[in-house]
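Since the structure comes first, as structure tokens, the remarks are kept for the end.
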Amino acid sequence: MKTNKGSILTAILAGAVIGAGIGILYAPYKGSKTRKKIKTAVADTKDEVSDWLKNTKADIANTMHDKKEELDKLVNDTVSKMSHKADDIIGDLEHKLENVKKKVE
């Protein structure tokens with residue numbers, strides 16, 4: 001879906017240009033009416049592109065928010081695991097230090 005968004009926009013714009021060109025060539029209306037139709041088609045295309053951009057921006061913001069939450073959770077889990085490991089290592093070192101002190105005495 002991510003790679004299709006660019007091609008969708010390209011297809012929309014290409015369709016608008018082709019449609020406008022064909023409309024001009026085969027228009028059964030006089031020039032002023034044809035220009036009005038083209039203006040309306042351009043405005044509609046502009047609205048479609050604007051809506052697509054808004055939706056894409058919202059999708060990107062939501063994805064970034066979700067990924068940030070995942071990263072925060074991963075960092076917190078990693079720090080927690082490292083903290084427990086550090087506590088275990090400190091405990092082992094203290095135990096070994098006590099054994100060394102006992103041997104020295």
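A note on labels: chains of the structure tokens are A, B, ... as shown, every chain counts residues from 1, and ligands are counted from 1 in their shown order.
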
(Q) Need to verify the contact set: A:Ile8, 12 Å, only C-alpha atoms, exclusion of same-chain residues closer than 3 positions in sequence. Can you return it as number ranges by chain? (A) A: 1-5, 11-15, 48-49, 52-53, 56

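Between atom CA of A:Ala58 and atom CA of A:Leu9 the separation is 16.3 Å.
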
The residue from A:Leu74, A:Gly6, A:Ala41, A:Lys101 with the smallest atom-to-atom distance to A:Gly21, counting only C-alpha atoms, is A:Ala41
